[in-house]
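Structure, as structure tokens:
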Amino acid sequence: MAQQQDLEIMQGSDYNQVFKFFEDEEKTIPLDLTGVTAAMKIRLEDYDGKVLIDLVSPTNLSINEGASTIGVNIPSAMSSALSPVNKGDDSISGVYDLEITNAGIVTRVVQGVAIITREATR
């Protein structure tokens, strides 16, 4: 079962987040990330689900096999390019998930809501 964690990303700022993964619910057995690749998308919550951010390893997702972690890096240039959907919106609301692929098997490991707060200094 995928972890549930919501994200708050500030438009115009660098965003960094590290997720740690475990095999068990008690969080005693680290998840083996040897040889995996990772992909993450943030989409609008609406029906069409327009992609706002598209990340892949190793470009913006860094996998640390020994620590059982995946680091997310959204550079400020990428977050600055996001625009509110409707004039006057203070934030953009979306959904995201992060999936790993190992030997052709895709597994969702974390998911949630992503809120992108609007930047005033542009």
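Residue numbering restarts at 1 in every chain; chains get A, B, ... in the order shown in the structure tokens, and ligands count up from 1 in that same order.
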
Taking the chain letters and numbering used in this document, name the residues of chain A that DSSP puts in strand (DSSP E), as a VMD selection string.
-> chain A and resid 3 to 4 7 to 10 15 to 20 37 to 44 51 to 56 61 to 64 69 to 74 91 to 102 105 to 117

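With only C-alpha atoms as the basis for measurement, A:Ala67 is the residue among A:Ile100, A:Ala38, A:Ile92, A:Ala67 that approaches Phe22 in chain A most closely.
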
Which residues, written as JSON, numbers by chain, have at least one atom at most 12 Å from Gly49 in chain A, with only C-alpha atoms counted and residues fewer than 4 positions away on the same chain left out?
-> {"A": [41, 42, 43, 44, 45, 53, 93, 94, 95, 96]}

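Each of A:Val109, A:Val36, A:Ala114, A:Ile9 was checked against Phe21 in chain A using only C-alpha atoms; the smallest atom-to-atom distance is that of A:Val109.
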
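For the pair CA of Ile116 in chain A and CA of Gln11 in chain A, the interatomic distance is 6.1 Å.
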
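The residue that comes closest to Thr34 in chain A, out of A:Leu55, A:Met10, A:Ala103, A:Leu61 and on the basis of only C-alpha atoms, is A:Ala103.
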
In Å, rounded to a single decimal, give me how far CA of Gln111 in chain A is from CA of Gln3 in chain A.
-> 6.3 Å

Tell me which protein, DNA and RNA residues are within 10 Å of range 15-20 of chain A, counting only C-alpha atoms, leaving out same-chain ones fewer than 2 positions away, and put them as an NGL selection string.
-> :A and (3 or 5 or 7-13 or 22 or 27 or 30-31 or 60-64 or 67-76 or 78-79 or 98 or 109-110)

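Residues of chain A assigned to alpha helix (DSSP H) by DSSP on this structure's backbone: Ser76, Ala77, Met78, Ser79 and Ser80 of chain A.
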
Got time to write the residues from that selection, C-alpha atoms, as a compact mmCIF listing (two decimals), in the first residue's frame?
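Writing done, so here's selection_4.txt:
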```txt
# COMPACT_ATOMS: atom_id res chain seq x y z
CA SER A 76 12.73 27.03 -8.88
CA ALA A 77 12.62 27.45 -12.69
CA MET A 78 10.14 24.55 -12.87
CA SER A 79 7.92 25.78 -10.04
CA SER A 80 8.01 29.38 -11.38
```
